[in-house]
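Before any comments, here is the structure.
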Amino acid sequence: MRKFTKELFDYTGYDFSDYSQSSLNRRIQRIMILWKVENLEGLLQMLKNKPELISNFVHLLTVPYTSMFRDPTFFLSLRTYVIPYLRTFPLIRIWSAGCSTGEEAYSIAILLKEAGLLERALIYATDLNPFSLEIAKKGVYPLDYIKEYCGNYHKAGGLNGLSSYFTANYGHAVFDEELKGKIIFSTHNLVSDASFNSFQLILCRNVLIYFERVLQNKVIKLFHESLENSGFMGLGSKETLLFSDHLEYYKKIDDNKIWQKIS
Ligand SMILES: C[S@@+](CC[C@H](N)C(=O)[O-])C[C@H]1O[C@@H](n2cnc3c(N)ncnc32)[C@H](O)[C@@H]1O
C-alpha cells in the first residue's frame, strides 16, 4: 500500500500516504472489486492507461457523506458562542474545508441569514473532490433528503421553516440564489495546498477522522495559520485538538467541538 500511494502521488499529484490506512484499504478493495482489477499494480496500470479515470478514483476513495445541520447541537453552539463574535466584524470570512456536496455551507449561510449577518459574509467552501463540488455549486438536493434536513434544522434552533430557503422542483429542493451568492466553492487539497485567506471561523468536520495523526497535525497547522486571533475552529463529533501540537493556543468552548484561538 505504501508503494502504491507513493506511485499514485508521483503519477497524479494526489497524496493519500498519510490517510488512515484501515479506511483507505477498505475503499481501495471496493474500487478493485468494482473495476475488476486483481491487485494494486493492476489498479495503478489502469489509472496510467486511462487518466480520465483519476477523478472518478478520487471520488470513490473519499467519503462524501454529509447532511444539512449535521449534529444539530453543533449549530446551536455556533448560534450561542460564535455568532455574537462574528457580529463585531464588518466583513465576515468563513471557511468550510472538506465541504463535500455543500450542505454544511448552505447550513451556515442560513444561520447567518437568521442572525442578520449574511449580507456582510463570505463563505469559502472547498473540497478536493470535483464531483462533489459540482453538486455543491448547484445547491439542488433530492427532496427525499429534506425530511432529515428539516428535523436537523429545527433541532439546531432554526427560526423559520427550512422550506423558506428553497423551491421544490420535480422532486428536488433548489436552494435560494441569495444563499448561493454568498458561497464560493472551489477545489482545495488540505494535504498539499496552502492557506488562501484569513478567517474568523473555520469548519472542518468529519474530515480529519480519515487522516493519520501526522497529517491531522499538518492540517491543523494550516488552519491555525489561517485563523484570526480569537477566531473559532469547529471539528466533527469524533475529532479533537487534544493531541495536536497547537493545543496550547486553543480553548475548548463546549462539548460540541468548538475551539477558540487564544489571542
Ligand atoms: C465525510 S465528508 C464531510 C463533509 C462535511 N464536512 C460534513 O461534516 O458533513 C469528508 C469530505 O472530506 C473531503 N476530503 C478528503 N480529503 C481531503 C483533502 N485532502 N482535502 C480536502 N478535502 C478532503 C472528502 O472529499 C469529503 O467530501
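Simple scheme: letters A, B, ... for chains in C-alpha cells order, numbers from 1 for residues in each chain, numbers from 1 for ligands in the order shown.
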
(message) Neighbouring residues of range 81-87 of chain A were defined as those with any atom within 12 Å, considering only C-alpha atoms; residues of the same chain fewer than 3 positions away were excluded. Please report them as an MDAnalysis selection string.
(response) chainID A and resid 74:78 90:94 108:109 111:122 199:203 228:234 252:254 256:260

I'd like a table as CSV: residues in chain A with an atom no more than 6 Å from ligand 1, each row giving the shortest atom pair and its distance in Å to one decimal, only C-alpha atoms and all ligand atoms counted, sorted by chain and rising residue number.
residue,atom,partner,partner_atom_place_in_ligand_line,distance
A:Thr62,CA,ligand 1,25 (O),4.9
A:Val63,CA,ligand 1,1 (C),4.9
A:Pro64,CA,ligand 1,27 (O),4.2
A:Tyr65,CA,ligand 1,1 (C),4.6
A:Thr66,CA,ligand 1,9 (O),3.5
A:Ser67,CA,ligand 1,9 (O),5.5
A:Gly98,CA,ligand 1,22 (N),3.9
A:Cys99,CA,ligand 1,6 (N),4.5
A:Ser100,CA,ligand 1,27 (O),3.3
A:Asp127,CA,ligand 1,22 (N),4.0
A:Leu128,CA,ligand 1,21 (C),4.3
A:Asn129,CA,ligand 1,25 (O),4.8
A:His188,CA,ligand 1,21 (C),5.7
A:Asn189,CA,ligand 1,20 (N),3.6
A:Leu190,CA,ligand 1,20 (N),3.8
A:Val191,CA,ligand 1,19 (N),4.8
A:Cys204,CA,ligand 1,6 (N),5.7
A:Arg205,CA,ligand 1,8 (O),4.2
A:Asn206,CA,ligand 1,8 (O),4.6
A:Val207,CA,ligand 1,10 (C),4.6

(message) Please determine, counting only C-alpha atoms, which residue among A:Ser163, A:Asp193, A:Asp71, A:Tyr149 has the shortest atom-to-atom distance to Ser237 in chain A.
(response)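 Using only C-alpha atoms, Ser237 in chain A sits closest to A:Asp71.
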
(message) Measuring between only C-alpha atoms, which one of A:Phe175, A:Phe243, A:Tyr210, A:Phe57 shows the shortest distance to Leu143 in chain A?
(response)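 Closest residue, counting only C-alpha atoms: A:Phe175.
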
For Gln29 in chain A, list every protein, DNA or RNA residue within 12 Å, evaluated using only C-alpha atoms, and leave out those in the same chain fewer than 2 positions away; present the list as an mmCIF file with C-alpha atoms, in the first residue's frame.
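File out-v6.cif, as written:
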data_model
loop_
_atom_site.group_PDB
_atom_site.id
_atom_site.type_symbol
_atom_site.label_atom_id
_atom_site.label_comp_id
_atom_site.auth_asym_id
_atom_site.auth_seq_id
_atom_site.Cartn_x
_atom_site.Cartn_y
_atom_site.Cartn_z
ATOM 1 C CA MET A 1 0.000 0.000 0.000
ATOM 2 C CA GLN A 21 -4.667 3.044 6.466
ATOM 3 C CA SER A 22 -7.647 0.924 7.528
ATOM 4 C CA SER A 23 -10.234 3.135 5.836
ATOM 5 C CA LEU A 24 -8.003 3.584 2.757
ATOM 6 C CA ASN A 25 -7.536 -0.196 2.474
ATOM 7 C CA ARG A 26 -11.284 -0.810 2.661
ATOM 8 C CA ARG A 27 -12.089 1.739 -0.014
ATOM 9 C CA ILE A 31 -12.692 0.040 -6.072
ATOM 10 C CA MET A 32 -10.710 -3.035 -7.133
ATOM 11 C CA ILE A 33 -13.878 -5.159 -6.985
ATOM 12 C CA LEU A 34 -15.910 -2.512 -8.814
ATOM 13 C CA TRP A 35 -13.296 -2.061 -11.549
ATOM 14 C CA LYS A 36 -12.476 -5.778 -11.674
ATOM 15 C CA VAL A 37 -8.726 -5.438 -11.045
ATOM 16 C CA GLU A 38 -6.863 -8.073 -9.075
ATOM 17 C CA ASN A 39 -4.065 -6.158 -7.379
ATOM 18 C CA LEU A 40 -2.629 -2.721 -6.687
ATOM 19 C CA LEU A 43 -5.074 -0.621 -10.425
ATOM 20 C CA LEU A 60 -14.607 6.715 -4.905
ATOM 21 C CA LEU A 61 -11.688 6.935 -2.489
#

(message) Based on the backbone DSSP call, show me all residues of range 21-176 of chain A assigned strand (DSSP E), as an MDAnalysis selection string.
(response) chainID A and resid 92:97 121:127 140:142 166:169 172:175

Requested write-out: N, CA and C atoms of the selected residues, as an mmCIF file, in the first residue's frame:
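The new file result.cif reads:
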data_model
loop_
_atom_site.group_PDB
_atom_site.id
_atom_site.type_symbol
_atom_site.label_atom_id
_atom_site.label_comp_id
_atom_site.auth_asym_id
_atom_site.auth_seq_id
_atom_site.Cartn_x
_atom_site.Cartn_y
_atom_site.Cartn_z
ATOM 1 N N ILE A 92 -17.291 39.322 7.205
ATOM 2 C CA ILE A 92 -17.121 38.025 7.881
ATOM 3 C C ILE A 92 -16.631 36.996 6.861
ATOM 4 N N ARG A 93 -15.522 36.328 7.193
ATOM 5 C CA ARG A 93 -14.998 35.292 6.291
ATOM 6 C C ARG A 93 -14.991 33.944 7.013
ATOM 7 N N ILE A 94 -15.631 32.973 6.364
ATOM 8 C CA ILE A 94 -15.759 31.629 6.954
ATOM 9 C C ILE A 94 -15.232 30.611 5.948
ATOM 10 N N TRP A 95 -14.526 29.604 6.436
ATOM 11 C CA TRP A 95 -14.021 28.539 5.560
ATOM 12 C C TRP A 95 -14.647 27.211 5.984
ATOM 13 N N SER A 96 -15.375 26.597 5.046
ATOM 14 C CA SER A 96 -15.874 25.239 5.254
ATOM 15 C C SER A 96 -14.951 24.308 4.459
ATOM 16 N N ALA A 97 -14.005 23.662 5.147
ATOM 17 C CA ALA A 97 -12.980 22.841 4.479
ATOM 18 C C ALA A 97 -13.433 21.382 4.455
ATOM 19 N N ALA A 121 -21.201 38.659 4.786
ATOM 20 C CA ALA A 121 -20.392 37.443 4.969
ATOM 21 C C ALA A 121 -20.007 36.818 3.634
ATOM 22 N N LEU A 122 -18.868 36.112 3.642
ATOM 23 C CA LEU A 122 -18.476 35.268 2.512
ATOM 24 C C LEU A 122 -18.064 33.911 3.066
ATOM 25 N N ILE A 123 -18.616 32.866 2.464
ATOM 26 C CA ILE A 123 -18.270 31.510 2.916
ATOM 27 C C ILE A 123 -17.445 30.853 1.812
ATOM 28 N N TYR A 124 -16.226 30.459 2.138
ATOM 29 C CA TYR A 124 -15.381 29.742 1.184
ATOM 30 C C TYR A 124 -15.563 28.254 1.480
ATOM 31 N N ALA A 125 -16.072 27.519 0.509
ATOM 32 C CA ALA A 125 -16.341 26.092 0.738
ATOM 33 C C ALA A 125 -15.475 25.289 -0.222
ATOM 34 N N THR A 126 -14.598 24.452 0.340
ATOM 35 C CA THR A 126 -13.611 23.767 -0.506
ATOM 36 C C THR A 126 -13.618 22.250 -0.268
ATOM 37 N N ASP A 127 -13.176 21.545 -1.279
ATOM 38 C CA ASP A 127 -13.042 20.088 -1.181
ATOM 39 C C ASP A 127 -12.046 19.659 -2.256
ATOM 40 N N VAL A 140 -28.756 21.917 -5.324
ATOM 41 C CA VAL A 140 -30.012 21.200 -5.600
ATOM 42 C C VAL A 140 -29.902 19.808 -4.985
ATOM 43 N N TYR A 141 -30.826 19.495 -4.073
ATOM 44 C CA TYR A 141 -30.751 18.214 -3.362
ATOM 45 C C TYR A 141 -32.084 17.485 -3.465
ATOM 46 N N PRO A 142 -32.049 16.143 -3.507
ATOM 47 C CA PRO A 142 -33.307 15.392 -3.609
ATOM 48 C C PRO A 142 -34.240 15.699 -2.441
ATOM 49 N N PHE A 166 -35.800 27.201 0.067
ATOM 50 C CA PHE A 166 -35.669 26.507 -1.222
ATOM 51 C C PHE A 166 -37.011 26.450 -1.935
ATOM 52 N N THR A 167 -36.943 26.145 -3.233
ATOM 53 C CA THR A 167 -38.148 25.937 -4.036
ATOM 54 C C THR A 167 -38.155 24.472 -4.452
ATOM 55 N N ALA A 168 -39.296 23.828 -4.291
ATOM 56 C CA ALA A 168 -39.390 22.418 -4.710
ATOM 57 C C ALA A 168 -39.618 22.369 -6.216
ATOM 58 N N ASN A 169 -38.843 21.515 -6.884
ATOM 59 C CA ASN A 169 -38.942 21.437 -8.340
ATOM 60 C C ASN A 169 -38.651 20.000 -8.779
ATOM 61 N N HIS A 172 -36.900 17.796 -6.344
ATOM 62 C CA HIS A 172 -35.656 18.339 -5.800
ATOM 63 C C HIS A 172 -35.915 19.658 -5.067
ATOM 64 N N ALA A 173 -35.049 19.950 -4.119
ATOM 65 C CA ALA A 173 -35.100 21.248 -3.430
ATOM 66 C C ALA A 173 -33.997 22.117 -4.031
ATOM 67 N N VAL A 174 -34.403 23.260 -4.589
ATOM 68 C CA VAL A 174 -33.434 24.171 -5.211
ATOM 69 C C VAL A 174 -33.202 25.330 -4.232
ATOM 70 N N PHE A 175 -32.022 25.390 -3.648
ATOM 71 C CA PHE A 175 -31.776 26.410 -2.621
ATOM 72 C C PHE A 175 -31.604 27.795 -3.241
#

(message) Would you compute the distance between CA of Phe223 in chain A and CA of Leu235 in chain A? Give it in Å to one decimal.
(response)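 Between these atoms lies a distance of 11.4 Å.
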
(request) Could you give me, as a PyMOL selection string, the residues within 9 Å of Asp245 in chain A, counting only C-alpha atoms and dropping anything in the same chain fewer than 5 positions from it? (result) chain A and resi 217+220-221

Store the residues of this selection in a file with C-alpha atoms, as an mmCIF file, in the first residue's frame.
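Generated file (part-v6.cif):
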data_model
loop_
_atom_site.group_PDB
_atom_site.id
_atom_site.type_symbol
_atom_site.label_atom_id
_atom_site.label_comp_id
_atom_site.auth_asym_id
_atom_site.auth_seq_id
_atom_site.Cartn_x
_atom_site.Cartn_y
_atom_site.Cartn_z
ATOM 1 C CA ASN A 217 -1.324 17.906 12.803
ATOM 2 C CA ILE A 220 -4.429 21.876 11.982
ATOM 3 C CA LYS A 221 -1.253 23.942 11.479
#
